[in-house]
file coords09.pdb (PDB, C-alpha atoms)
MODEL        1
ATOM      1  CA  MET Q   1      30.765  -8.115  40.748
ATOM      2  CA  LYS Q   2      31.970 -10.160  37.822
ATOM      3  CA  VAL Q   3      29.327 -11.332  35.418
ATOM      4  CA  THR Q   4      29.608 -13.631  32.442
ATOM      5  CA  VAL Q   5      26.992 -13.387  29.710
ATOM      6  CA  GLU Q   6      26.760 -16.144  27.151
ATOM      7  CA  ILE Q   7      24.804 -15.326  24.007
ATOM      8  CA  THR Q   8      23.875 -18.302  21.872
ATOM      9  CA  ARG Q   9      22.265 -18.371  18.479
ATOM     10  CA  ARG Q  10      18.980 -20.259  18.471
ATOM     11  CA  PRO Q  11      19.379 -23.796  17.084
ATOM     12  CA  GLU Q  12      16.962 -23.134  14.223
ATOM     13  CA  ILE Q  13      19.007 -20.142  12.971
ATOM     14  CA  ALA Q  14      21.828 -21.018  10.574
ATOM     15  CA  ASP Q  15      25.382 -20.387  11.749
ATOM     16  CA  PRO Q  16      27.519 -20.005   8.596
ATOM     17  CA  GLN Q  17      30.659 -19.481  10.699
ATOM     18  CA  GLY Q  18      30.128 -22.736  12.580
ATOM     19  CA  THR Q  19      29.461 -24.585   9.320
ATOM     20  CA  THR Q  20      32.676 -23.241   7.797
ATOM     21  CA  ILE Q  21      34.748 -24.214  10.846
ATOM     22  CA  GLN Q  22      33.210 -27.687  10.796
ATOM     23  CA  ARG Q  23      34.197 -28.030   7.133
ATOM     24  CA  ALA Q  24      37.775 -26.996   7.951
ATOM     25  CA  LEU Q  25      37.934 -29.472  10.835
ATOM     26  CA  HIS Q  26      36.752 -32.232   8.508
ATOM     27  CA  ASP Q  27      39.315 -31.195   5.882
ATOM     28  CA  LEU Q  28      41.981 -31.649   8.577
ATOM     29  CA  GLY Q  29      40.789 -35.185   9.278
ATOM     30  CA  ASN Q  30      38.671 -34.511  12.369
ATOM     31  CA  ASN Q  31      35.726 -36.386  10.971
ATOM     32  CA  GLU Q  32      34.184 -37.170  14.356
ATOM     33  CA  VAL Q  33      33.031 -33.529  14.665
ATOM     34  CA  MET Q  34      29.283 -33.615  14.102
ATOM     35  CA  SER Q  35      28.360 -29.992  14.672
ATOM     36  CA  VAL Q  36      30.007 -26.624  15.349
ATOM     37  CA  ARG Q  37      28.280 -23.515  16.659
ATOM     38  CA  VAL Q  38      30.084 -20.252  17.401
ATOM     39  CA  ASP Q  39      28.656 -18.191  20.268
ATOM     40  CA  ARG Q  40      29.577 -15.007  22.063
ATOM     41  CA  VAL Q  41      30.748 -14.503  25.650
ATOM     42  CA  ILE Q  42      30.716 -11.039  27.228
ATOM     43  CA  HIS Q  43      32.461 -10.329  30.553
ATOM     44  CA  LEU Q  44      31.138  -7.456  32.656
ATOM     45  CA  GLU Q  45      32.130  -5.895  35.961
ATOM     46  CA  VAL Q  46      29.047  -4.501  37.629
ATOM     47  CA  ASP Q  47      28.801  -2.262  40.683
ATOM     48  CA  GLY Q  48      26.553  -3.984  43.257
ATOM     49  CA  ASP Q  49      26.468  -6.200  46.380
ATOM     50  CA  ASP Q  50      23.454  -8.426  45.838
ATOM     51  CA  PRO Q  51      24.062 -11.189  43.276
ATOM     52  CA  ALA Q  52      20.324 -11.588  42.650
ATOM     53  CA  VAL Q  53      19.936  -7.886  41.846
ATOM     54  CA  VAL Q  54      23.009  -7.884  39.617
ATOM     55  CA  GLN Q  55      21.728 -11.002  37.854
ATOM     56  CA  SER Q  56      18.374  -9.420  37.202
ATOM     57  CA  ARG Q  57      19.885  -6.117  36.003
ATOM     58  CA  VAL Q  58      22.212  -7.851  33.543
ATOM     59  CA  GLU Q  59      19.329  -9.971  32.253
ATOM     60  CA  GLU Q  60      17.508  -6.706  31.546
ATOM     61  CA  MET Q  61      20.553  -5.467  29.639
ATOM     62  CA  CYS Q  62      20.525  -8.665  27.595
ATOM     63  CA  ARG Q  63      16.907  -8.074  26.624
ATOM     64  CA  GLN Q  64      17.615  -4.398  25.963
ATOM     65  CA  VAL Q  65      20.709  -4.612  23.766
ATOM     66  CA  LEU Q  66      23.195  -7.447  24.347
ATOM     67  CA  ALA Q  67      21.111 -10.146  22.639
ATOM     68  CA  ASN Q  68      18.810  -9.965  19.637
ATOM     69  CA  PRO Q  69      15.624 -11.829  20.595
ATOM     70  CA  VAL Q  70      14.965 -12.700  16.937
ATOM     71  CA  LEU Q  71      18.161 -14.737  16.731
ATOM     72  CA  GLU Q  72      19.610 -15.357  20.138
ATOM     73  CA  ASP Q  73      19.125 -16.723  23.657
ATOM     74  CA  PHE Q  74      21.262 -15.686  26.620
ATOM     75  CA  SER Q  75      22.401 -16.909  29.998
ATOM     76  CA  VAL Q  76      23.834 -14.782  32.811
ATOM     77  CA  GLU Q  77      26.182 -16.031  35.507
ATOM     78  CA  VAL Q  78      27.291 -13.863  38.425
ATOM     79  CA  THR Q  79      30.672 -15.223  39.462
ATOM     80  CA  GLY Q  80      31.307 -13.014  42.500
TER      81      GLY Q  80
ATOM     82  CA  MET W  81       9.289  17.570   0.303
ATOM     83  CA  ARG W  82      12.458  17.109   2.296
ATOM     84  CA  THR W  83      14.313  13.878   2.960
ATOM     85  CA  ALA W  84      16.725  13.414   5.858
ATOM     86  CA  VAL W  85      19.677  11.120   5.180
ATOM     87  CA  VAL W  86      21.013   9.984   8.537
ATOM     88  CA  VAL W  87      24.762   9.812   9.124
ATOM     89  CA  PHE W  88      25.951   7.538  11.934
ATOM     90  CA  PRO W  89      29.636   7.241  12.840
ATOM     91  CA  GLY W  90      30.747   4.717  10.223
ATOM     92  CA  THR W  91      28.045   5.420   7.637
ATOM     93  CA  ASN W  92      29.676   5.644   4.208
ATOM     94  CA  CYS W  93      26.924   5.766   1.569
ATOM     95  CA  GLU W  94      25.265   9.038   2.588
ATOM     96  CA  GLN W  95      26.768  11.066  -0.268
ATOM     97  CA  ASP W  96      25.711   8.467  -2.827
ATOM     98  CA  VAL W  97      22.148   8.505  -1.494
ATOM     99  CA  ALA W  98      22.062  12.316  -1.369
ATOM    100  CA  HIS W  99      23.456  12.568  -4.907
ATOM    101  CA  ALA W 100      21.048   9.978  -6.298
ATOM    102  CA  LEU W 101      17.949  11.516  -4.684
ATOM    103  CA  SER W 102      19.023  15.045  -5.665
ATOM    104  CA  SER W 103      19.601  13.978  -9.262
ATOM    105  CA  LEU W 104      16.002  12.739  -9.306
ATOM    106  CA  GLY W 105      14.702  16.069  -8.035
ATOM    107  CA  GLY W 106      14.631  15.333  -4.319
ATOM    108  CA  GLU W 107      15.499  17.858  -1.639
ATOM    109  CA  VAL W 108      17.962  16.172   0.678
ATOM    110  CA  GLU W 109      19.769  17.067   3.863
ATOM    111  CA  LEU W 110      22.383  15.031   5.714
ATOM    112  CA  VAL W 111      21.512  14.684   9.405
ATOM    113  CA  TRP W 112      23.926  13.637  12.168
ATOM    114  CA  HIS W 113      22.763  10.682  14.280
ATOM    115  CA  ARG W 114      22.553  12.821  17.432
ATOM    116  CA  GLU W 115      19.780  14.964  15.916
ATOM    117  CA  THR W 116      16.609  14.790  17.995
ATOM    118  CA  ASP W 117      14.186  16.688  15.755
ATOM    119  CA  LEU W 118      13.255  15.590  12.244
ATOM    120  CA  SER W 119       9.945  17.464  12.268
ATOM    121  CA  GLY W 120      10.986  19.432   9.170
ATOM    122  CA  PHE W 121      11.341  16.268   7.078
ATOM    123  CA  ASP W 122       8.794  14.257   5.116
ATOM    124  CA  GLY W 123      10.866  11.083   4.855
ATOM    125  CA  VAL W 124      14.115   9.584   6.068
ATOM    126  CA  VAL W 125      16.801   7.297   4.661
ATOM    127  CA  LEU W 126      19.262   5.246   6.725
ATOM    128  CA  PRO W 127      22.122   4.653   4.284
ATOM    129  CA  GLY W 128      24.733   1.919   4.090
ATOM    130  CA  GLY W 129      28.018   1.634   5.929
ATOM    131  CA  PHE W 130      29.135   0.302   9.272
ATOM    132  CA  ALA W 131      27.250   2.348  11.866
ATOM    133  CA  HIS W 132      29.130   2.407  15.175
ATOM    134  CA  GLY W 133      31.580  -0.089  13.673
ATOM    135  CA  ASP W 134      28.841  -2.749  13.523
ATOM    136  CA  TYR W 135      30.062  -3.729  17.000
ATOM    137  CA  LEU W 136      28.052  -6.282  18.985
ATOM    138  CA  ARG W 137      25.782  -6.921  15.971
ATOM    139  CA  THR W 138      25.140  -4.891  12.823
ATOM    140  CA  GLY W 139      22.799  -2.067  13.757
ATOM    141  CA  ALA W 140      22.673  -3.043  17.447
ATOM    142  CA  ILE W 141      24.244   0.165  18.742
ATOM    143  CA  ALA W 142      22.882   2.419  15.995
ATOM    144  CA  ARG W 143      19.314   1.627  16.956
ATOM    145  CA  PHE W 144      19.895   3.519  20.213
ATOM    146  CA  SER W 145      21.325   6.626  18.541
ATOM    147  CA  PRO W 146      19.267   9.692  19.527
ATOM    148  CA  VAL W 147      17.897  10.178  15.997
ATOM    149  CA  MET W 148      16.181   6.793  16.117
ATOM    150  CA  ALA W 149      13.372   8.087  18.336
ATOM    151  CA  GLU W 150      12.427  10.384  15.459
ATOM    152  CA  VAL W 151      12.784   7.592  12.910
ATOM    153  CA  GLU W 152      10.409   5.513  15.048
ATOM    154  CA  ARG W 153       7.967   8.426  15.252
ATOM    155  CA  MET W 154       8.004   8.877  11.469
ATOM    156  CA  ALA W 155       7.517   5.144  10.914
ATOM    157  CA  ALA W 156       4.536   5.169  13.293
ATOM    158  CA  GLN W 157       3.038   8.174  11.478
ATOM    159  CA  GLY W 158       3.212   6.330   8.166
ATOM    160  CA  LEU W 159       5.954   8.525   6.711
ATOM    161  CA  PRO W 160       8.476   6.933   4.330
ATOM    162  CA  VAL W 161      11.416   5.292   6.116
ATOM    163  CA  LEU W 162      13.977   3.572   3.908
ATOM    164  CA  GLY W 163      16.973   1.573   5.118
ATOM    165  CA  ILE W 164      19.590   0.549   2.584
ATOM    166  CA  CYS W 165      22.102  -2.199   3.421
ATOM    167  CA  ASN W 166      23.354  -1.246   6.920
ATOM    168  CA  GLY W 167      20.199   0.872   7.238
ATOM    169  CA  PHE W 168      18.122  -2.283   6.679
ATOM    170  CA  GLN W 169      20.051  -3.950   9.509
ATOM    171  CA  VAL W 170      19.393  -0.962  11.795
ATOM    172  CA  LEU W 171      15.645  -1.042  11.042
ATOM    173  CA  CYS W 172      15.499  -4.756  11.914
ATOM    174  CA  GLU W 173      17.394  -4.215  15.164
ATOM    175  CA  ALA W 174      15.027  -1.373  16.001
ATOM    176  CA  GLY W 175      12.059  -3.675  15.512
ATOM    177  CA  LEU W 176      10.668  -1.478  12.717
ATOM    178  CA  LEU W 177      11.053  -4.386  10.298
ATOM    179  CA  PRO W 178      10.700  -8.086  11.085
ATOM    180  CA  GLY W 179      13.614 -10.512  11.148
ATOM    181  CA  ALA W 180      17.341  -9.929  11.338
ATOM    182  CA  LEU W 181      20.378 -10.067   9.047
ATOM    183  CA  ILE W 182      23.126 -12.613   9.607
ATOM    184  CA  ALA W 183      26.345 -13.435   7.747
ATOM    185  CA  ASN W 184      26.034 -14.523   4.132
ATOM    186  CA  ARG W 185      25.615 -18.283   3.764
ATOM    187  CA  ASP W 186      29.059 -18.730   2.179
ATOM    188  CA  LEU W 187      30.795 -16.227   4.508
ATOM    189  CA  ALA W 188      31.840 -14.202   1.476
ATOM    190  CA  PHE W 189      31.635 -10.430   1.268
ATOM    191  CA  ILE W 190      29.524 -10.061  -1.859
ATOM    192  CA  CYS W 191      30.271  -7.062  -4.064
ATOM    193  CA  ARG W 192      28.704  -7.372  -7.488
ATOM    194  CA  PHE W 193      25.618  -6.553  -9.509
ATOM    195  CA  VAL W 194      22.624  -8.732  -8.696
ATOM    196  CA  ASP W 195      19.333  -9.164 -10.528
ATOM    197  CA  LEU W 196      16.144  -8.575  -8.596
ATOM    198  CA  GLU W 197      12.462  -8.969  -9.293
ATOM    199  CA  VAL W 198       9.733  -6.702  -7.933
ATOM    200  CA  VAL W 199       7.214  -8.981  -6.201
ATOM    201  CA  ASP W 200       5.133  -6.360  -4.383
ATOM    202  CA  ASN W 201       4.757  -2.754  -5.517
ATOM    203  CA  ASP W 202       2.692  -1.498  -2.610
ATOM    204  CA  SER W 203       5.597   0.085  -0.746
ATOM    205  CA  ILE W 204       7.538   3.320  -0.590
ATOM    206  CA  LEU W 205      10.401   1.738  -2.532
ATOM    207  CA  THR W 206       8.602  -0.254  -5.195
ATOM    208  CA  GLY W 207       5.574   1.989  -5.769
ATOM    209  CA  SER W 208       6.761   3.251  -9.164
ATOM    210  CA  ALA W 209       7.792  -0.192 -10.436
ATOM    211  CA  GLU W 210       5.706  -2.928 -12.032
ATOM    212  CA  ILE W 211       5.258  -6.323 -10.424
ATOM    213  CA  GLY W 212       7.643  -8.682 -12.200
ATOM    214  CA  GLN W 213       9.960  -5.839 -13.227
ATOM    215  CA  ARG W 214      13.638  -6.826 -13.286
ATOM    216  CA  ILE W 215      16.080  -4.549 -11.476
ATOM    217  CA  ARG W 216      19.874  -4.836 -11.714
ATOM    218  CA  ILE W 217      21.786  -2.990  -8.950
ATOM    219  CA  PRO W 218      24.909  -3.675  -6.851
ATOM    220  CA  LEU W 219      24.917  -5.806  -3.713
ATOM    221  CA  ASN W 220      27.710  -4.917  -1.295
ATOM    222  CA  SER W 221      27.441  -6.720   2.018
ATOM    223  CA  TYR W 222      28.688  -9.424   4.335
ATOM    224  CA  GLU W 223      25.620  -9.649   6.557
ATOM    225  CA  GLY W 224      22.859  -9.651   3.969
ATOM    226  CA  ASN W 225      21.284 -12.975   4.837
ATOM    227  CA  TRP W 226      17.805 -12.113   6.090
ATOM    228  CA  VAL W 227      16.180 -14.529   8.516
ATOM    229  CA  ASP W 228      12.609 -14.171   9.674
ATOM    230  CA  PRO W 229      11.729 -16.962  12.104
ATOM    231  CA  GLY W 230       8.312 -15.405  12.751
ATOM    232  CA  LYS W 231       7.588 -15.330   9.003
ATOM    233  CA  THR W 232       5.890 -11.956   9.281
ATOM    234  CA  GLY W 233       7.929 -10.023   6.717
ATOM    235  CA  ARG W 234       6.390  -8.736   3.500
ATOM    236  CA  ILE W 235       8.908  -9.261   0.712
ATOM    237  CA  VAL W 236       8.856  -6.550  -1.964
ATOM    238  CA  LEU W 237      12.076  -7.394  -3.864
ATOM    239  CA  ARG W 238      13.471 -10.849  -4.434
ATOM    240  CA  TYR W 239      16.859 -11.978  -5.743
ATOM    241  CA  LEU W 240      16.843 -13.900  -8.989
ATOM    242  CA  GLY W 241      19.124 -16.656  -7.803
ATOM    243  CA  ASP W 242      20.305 -17.014  -4.224
ATOM    244  CA  PRO W 243      23.464 -14.973  -3.620
ATOM    245  CA  ASN W 244      23.525 -15.006   0.186
ATOM    246  CA  GLY W 245      21.041 -17.497   1.649
ATOM    247  CA  SER W 246      18.400 -14.882   2.437
ATOM    248  CA  GLN W 247      15.044 -16.414   3.392
ATOM    249  CA  HIS W 248      12.759 -16.720   0.351
ATOM    250  CA  ALA W 249      15.570 -14.925  -1.559
ATOM    251  CA  ALA W 250      14.356 -11.671   0.002
ATOM    252  CA  ALA W 251      16.315  -8.584  -1.051
ATOM    253  CA  GLY W 252      13.791  -5.983   0.116
ATOM    254  CA  VAL W 253      11.276  -6.223   2.948
ATOM    255  CA  ALA W 254       8.427  -3.934   4.014
ATOM    256  CA  ASN W 255       6.377  -3.513   7.160
ATOM    257  CA  ASP W 256       2.616  -4.099   7.014
ATOM    258  CA  GLY W 257       1.934  -0.500   6.056
ATOM    259  CA  GLY W 258       4.553  -0.491   3.302
ATOM    260  CA  ASN W 259       5.997   2.800   4.599
ATOM    261  CA  VAL W 260       9.064   1.206   6.186
ATOM    262  CA  VAL W 261      11.289  -0.684   3.762
ATOM    263  CA  GLY W 262      14.720  -2.270   4.073
ATOM    264  CA  VAL W 263      16.694  -3.215   0.996
ATOM    265  CA  MET W 264      20.061  -4.954   0.997
ATOM    266  CA  PRO W 265      21.370  -4.046  -2.511
ATOM    267  CA  HIS W 266      22.069  -0.393  -3.308
ATOM    268  CA  PRO W 267      19.570   1.428  -5.554
ATOM    269  CA  GLU W 268      21.572   4.649  -5.144
ATOM    270  CA  ARG W 269      24.539   3.045  -6.914
ATOM    271  CA  GLY W 270      22.381   2.197  -9.898
ATOM    272  CA  VAL W 271      21.119   5.573 -11.063
ATOM    273  CA  ASP W 272      23.441   6.117 -14.015
ATOM    274  CA  GLU W 273      24.119   3.811 -16.968
ATOM    275  CA  LEU W 274      27.651   5.187 -17.005
ATOM    276  CA  LEU W 275      28.257   3.261 -13.774
ATOM    277  CA  GLY W 276      26.701   0.055 -14.997
ATOM    278  CA  SER W 277      22.977   0.442 -14.399
ATOM    279  CA  GLY W 278      20.175   2.966 -14.129
ATOM    280  CA  ASP W 279      17.710   0.437 -12.744
ATOM    281  CA  GLY W 280      17.835   1.878  -9.236
ATOM    282  CA  ARG W 281      16.135   5.050 -10.437
ATOM    283  CA  VAL W 282      12.650   3.552 -10.514
ATOM    284  CA  LEU W 283      13.048   2.521  -6.860
ATOM    285  CA  LEU W 284      14.259   5.920  -5.653
ATOM    286  CA  GLU W 285      11.613   7.658  -7.767
ATOM    287  CA  GLY W 286       9.096   5.493  -5.931
ATOM    288  CA  PHE W 287      10.535   6.727  -2.651
ATOM    289  CA  LEU W 288      10.339  10.384  -3.744
ATOM    290  CA  HIS W 289       6.761   9.942  -5.020
ATOM    291  CA  SER W 290       5.762   8.470  -1.670
ATOM    292  CA  LEU W 291       6.679  11.699   0.131
ATOM    293  CA  VAL W 292       3.577  13.657   1.047
ATOM    294  CA  PRO W 293       3.340  17.013   2.803
ATOM    295  CA  ALA W 294       3.777  16.505   6.555
TER     296      ALA W 294
ENDMDL
END
call {"tool": "encode", "arguments": {"input": "coords09.pdb", "output": "structure tokens"}}
result
Amino acid sequence: MKVTVEITRRPEIADPQGTTIQRALHDLGNNEVMSVRVDRVIHLEVDGDDPAVVQSRVEEMCRQVLANPVLEDFSVEVTG
Amino acid sequence: MRTAVVVFPGTNCEQDVAHALSSLGGEVELVWHRETDLSGFDGVVLPGGFAHGDYLRTGAIARFSPVMAEVERMAAQGLPVLGICNGFQVLCEAGLLPGALIANRDLAFICRFVDLEVVDNDSILTGSAEIGQRIRIPLNSYEGNWVDPGKTGRIVLRYLGDPNGSQHAAAGVANDGGNVVGVMPHPERGVDELLGSGDGRVLLEGFLHSLVPA
């Protein structure tokens, strides 16, 4: 099954990359941009038939290694 | 008193660490990251570099290298565990030190001497230094910006100035017991005045003095 994992940095943690991109957008005249955050998307193909089981397994993998709980939250979407 | 210096794929400071510790009288052995027995060692250093390419996050893959079970055992037994630069990042990922390291505030790779101040000398890195002592050693990192949302870290070395945005200007952080320390600048590159500074010696001497018979 295809699974999409989105890993987002917690709002209270600084995102220097987002800040730099926002500055560049402003320099180019895009002054309506109020905030930029850069996150990470990971695409997996997982062997399994039951979307609920696959969902739960990939969430375990997020807690184990894919996300750092100090910095990041995650969401998992099984897309079939 | 033997110190293991761990080599992950992508580690690149192991020879500097081995040379620096040896020059101070330490007995050092390089250990591949797949080693599963460090019982013959009294302390361990995780040196700088780019372990496993720093893929996913710095230290995220390295923390699952087989040797890390032994590093965790040694940390739990109170033995000296020192992470320098990338090693600091690995120790945070492994949960042996609080917080995490993110990209420098200005997104610049910083490679220059920095001035530090010893703010806590009850640790395996700062035990031979005086509180308030100034230390000048090189910083060489992109992800040296320490964040500690839980505010549980014990800072032992602080930057004079704010080169990278690190919380409370932390350059070196210890666990509660003081036996696990991560430091972002490189004491091993500051052991000889010929190369710009000998200030790192007092830190590595502190590490060697902290080794006790296993």
call {"tool": "atom_distance", "arguments": {"input": "coords09.pdb", "atom1": "CA of Val87 (chain W)", "atom2": "CA of Leu126 (chain W)"}}
result
7.5 Å
call {"tool": "interface_residues", "arguments": {"input": "coords09.pdb", "of": "chain W", "to": "chain Q", "cutoff": "12 Å", "atoms": "all atoms listed in the file", "output": "ChimeraX atom specification"}}
result
/W:135-144,169-170,172-175,177-188,222-223,225-232,244-247
call {"tool": "axis_aligned_box", "arguments": {"input": "coords09.pdb", "around": "region 38-41 of chain Q", "padding_each_side": "4 Å", "output": "AutoDock Vina command-line options"}}
result
--center_x 29.7 --center_y -17.4 --center_z 21.5 --size_x 10.1 --size_y 13.7 --size_z 16.2
call {"tool": "residues_near_point", "arguments": {"input": "coords09.pdb", "point": "(18.3, 15.7, 7.8)", "cutoff": "6 Å", "atoms": "all atoms listed in the file", "output": "PyMOL selection string"}}
result
chain W and resi 84-85+109-111
call {"tool": "resolve_selection", "arguments": {"input": "coords09.pdb", "expression": "the PyMOL selection byres ((chain Q and resi 48) around 12)", "output": "PyMOL selection string"}}
result
chain Q and resi 1-3+45-47+49-58+78+80
call {"tool": "write_last_selection", "arguments": {"input": "coords09.pdb", "atoms": "C-alpha atoms", "output": "PDB file, in the frame of the given file"}}
result
ATOM      1  CA  MET Q   1      30.765  -8.115  40.748  1.00  0.00           C
ATOM      2  CA  LYS Q   2      31.970 -10.160  37.822  1.00  0.00           C
ATOM      3  CA  VAL Q   3      29.327 -11.332  35.418  1.00  0.00           C
ATOM      4  CA  GLU Q  45      32.130  -5.895  35.961  1.00  0.00           C
ATOM      5  CA  VAL Q  46      29.047  -4.501  37.629  1.00  0.00           C
ATOM      6  CA  ASP Q  47      28.801  -2.262  40.683  1.00  0.00           C
ATOM      7  CA  ASP Q  49      26.468  -6.200  46.380  1.00  0.00           C
ATOM      8  CA  ASP Q  50      23.454  -8.426  45.838  1.00  0.00           C
ATOM      9  CA  PRO Q  51      24.062 -11.189  43.276  1.00  0.00           C
ATOM     10  CA  ALA Q  52      20.324 -11.588  42.650  1.00  0.00           C
ATOM     11  CA  VAL Q  53      19.936  -7.886  41.846  1.00  0.00           C
ATOM     12  CA  VAL Q  54      23.009  -7.884  39.617  1.00  0.00           C
ATOM     13  CA  GLN Q  55      21.728 -11.002  37.854  1.00  0.00           C
ATOM     14  CA  SER Q  56      18.374  -9.420  37.202  1.00  0.00           C
ATOM     15  CA  ARG Q  57      19.885  -6.117  36.003  1.00  0.00           C
ATOM     16  CA  VAL Q  58      22.212  -7.851  33.543  1.00  0.00           C
ATOM     17  CA  VAL Q  78      27.291 -13.863  38.425  1.00  0.00           C
ATOM     18  CA  GLY Q  80      31.307 -13.014  42.500  1.00  0.00           C
TER      19      GLY Q  80
END
call {"tool": "closest_residue", "arguments": {"input": "coords09.pdb", "among": "W:Pro89, W:Gly276, W:Gly233, W:Gly262", "to": "Leu162 (chain W)", "atoms": "all atoms listed in the file"}}
result
W:Gly262
call {"tool": "residues_around", "arguments": {"input": "coords09.pdb", "residues": "Phe88 (chain W)", "least_positions_apart": "6", "cutoff": "7 Å", "atoms": "only C-alpha atoms", "output": "list of chain:residue names"}}
result
W:Trp112, W:His113, W:Ala131, W:His132
call {"tool": "atom_distance", "arguments": {"input": "coords09.pdb", "atom1": "CA of Ser277 (chain W)", "atom2": "CA of Gly90 (chain W)"}}
result
26.2 Å
call {"tool": "atom_distance", "arguments": {"input": "coords09.pdb", "atom1": "CA of Ile190 (chain W)", "atom2": "CA of Phe130 (chain W)"}}
result
15.2 Å
call {"tool": "residues_around", "arguments": {"input": "coords09.pdb", "residues": "Ile215 (chain W)", "least_positions_apart": "6", "cutoff": "8 Å", "atoms": "only C-alpha atoms", "output": "MDAnalysis selection string"}}
result
chainID W and resid 195:198 279:280
call {"tool": "write_last_selection", "arguments": {"input": "coords09.pdb", "atoms": "C-alpha atoms", "output": "tab-separated table (two decimals), in the frame of the given file"}}
result
chain	number	residue	atom	x	y	z
W	195	ASP	CA	19.33	-9.16	-10.53
W	196	LEU	CA	16.14	-8.57	-8.60
W	197	GLU	CA	12.46	-8.97	-9.29
W	198	VAL	CA	9.73	-6.70	-7.93
W	279	ASP	CA	17.71	0.44	-12.74
W	280	GLY	CA	17.84	1.88	-9.24
call {"tool": "resolve_selection", "arguments": {"input": "coords09.pdb", "expression": "the PyMOL selection byres ((chain Q and resi 25-39) around 8)", "output": "PyMOL selection string"}}
result
chain Q and resi 6-9+15+17-19+21-24+40-41
call {"tool": "residues_around", "arguments": {"input": "coords09.pdb", "residues": "Asp272 (chain W)", "least_positions_apart": "3", "cutoff": "12 Å", "atoms": "only C-alpha atoms", "output": "MDAnalysis selection string"}}
result
chainID W and resid 96 99:100 103:104 216:217 267:269 275:282
call {"tool": "build_atoms", "arguments": {"input": "coords09.pdb", "residues": "region 183-198 of chain W", "atoms": "N, CA and C atoms", "output": "PDB file, in the frame of the given file"}}
result
ATOM      1  N   ALA W 183      25.283 -13.328   8.754  1.00  0.00           N
ATOM      2  CA  ALA W 183      26.345 -13.435   7.747  1.00  0.00           C
ATOM      3  C   ALA W 183      25.857 -14.216   6.528  1.00  0.00           C
ATOM      4  N   ASN W 184      26.374 -13.829   5.365  1.00  0.00           N
ATOM      5  CA  ASN W 184      26.034 -14.523   4.132  1.00  0.00           C
ATOM      6  C   ASN W 184      26.325 -16.016   4.272  1.00  0.00           C
ATOM      7  N   ARG W 185      25.512 -16.831   3.638  1.00  0.00           N
ATOM      8  CA  ARG W 185      25.615 -18.283   3.764  1.00  0.00           C
ATOM      9  C   ARG W 185      27.045 -18.778   3.532  1.00  0.00           C
ATOM     10  N   ASP W 186      27.724 -18.233   2.517  1.00  0.00           N
ATOM     11  CA  ASP W 186      29.059 -18.730   2.179  1.00  0.00           C
ATOM     12  C   ASP W 186      30.168 -17.908   2.825  1.00  0.00           C
ATOM     13  N   LEU W 187      29.826 -17.066   3.791  1.00  0.00           N
ATOM     14  CA  LEU W 187      30.795 -16.227   4.508  1.00  0.00           C
ATOM     15  C   LEU W 187      31.654 -15.390   3.565  1.00  0.00           C
ATOM     16  N   ALA W 188      31.106 -15.050   2.413  1.00  0.00           N
ATOM     17  CA  ALA W 188      31.840 -14.202   1.476  1.00  0.00           C
ATOM     18  C   ALA W 188      31.254 -12.800   1.533  1.00  0.00           C
ATOM     19  N   PHE W 189      32.121 -11.794   1.477  1.00  0.00           N
ATOM     20  CA  PHE W 189      31.635 -10.430   1.268  1.00  0.00           C
ATOM     21  C   PHE W 189      31.257 -10.338  -0.203  1.00  0.00           C
ATOM     22  N   ILE W 190      29.995 -10.081  -0.472  1.00  0.00           N
ATOM     23  CA  ILE W 190      29.524 -10.061  -1.859  1.00  0.00           C
ATOM     24  C   ILE W 190      29.520  -8.625  -2.363  1.00  0.00           C
ATOM     25  N   CYS W 191      30.204  -8.400  -3.468  1.00  0.00           N
ATOM     26  CA  CYS W 191      30.271  -7.062  -4.064  1.00  0.00           C
ATOM     27  C   CYS W 191      30.152  -7.217  -5.566  1.00  0.00           C
ATOM     28  N   ARG W 192      28.928  -7.230  -6.046  1.00  0.00           N
ATOM     29  CA  ARG W 192      28.704  -7.372  -7.488  1.00  0.00           C
ATOM     30  C   ARG W 192      27.266  -6.982  -7.806  1.00  0.00           C
ATOM     31  N   PHE W 193      26.991  -6.801  -9.099  1.00  0.00           N
ATOM     32  CA  PHE W 193      25.618  -6.553  -9.509  1.00  0.00           C
ATOM     33  C   PHE W 193      24.788  -7.811  -9.281  1.00  0.00           C
ATOM     34  N   VAL W 194      23.562  -7.613  -8.825  1.00  0.00           N
ATOM     35  CA  VAL W 194      22.624  -8.732  -8.696  1.00  0.00           C
ATOM     36  C   VAL W 194      21.338  -8.344  -9.426  1.00  0.00           C
ATOM     37  N   ASP W 195      20.615  -9.375  -9.860  1.00  0.00           N
ATOM     38  CA  ASP W 195      19.333  -9.164 -10.528  1.00  0.00           C
ATOM     39  C   ASP W 195      18.213  -9.418  -9.546  1.00  0.00           C
ATOM     40  N   LEU W 196      17.277  -8.499  -9.520  1.00  0.00           N
ATOM     41  CA  LEU W 196      16.144  -8.575  -8.596  1.00  0.00           C
ATOM     42  C   LEU W 196      14.846  -8.581  -9.387  1.00  0.00           C
ATOM     43  N   GLU W 197      13.797  -9.033  -8.710  1.00  0.00           N
ATOM     44  CA  GLU W 197      12.462  -8.969  -9.293  1.00  0.00           C
ATOM     45  C   GLU W 197      11.536  -8.281  -8.289  1.00  0.00           C
ATOM     46  N   VAL W 198      10.731  -7.359  -8.786  1.00  0.00           N
ATOM     47  CA  VAL W 198       9.733  -6.702  -7.933  1.00  0.00           C
ATOM     48  C   VAL W 198       8.583  -7.685  -7.725  1.00  0.00           C
TER      49      VAL W 198
END
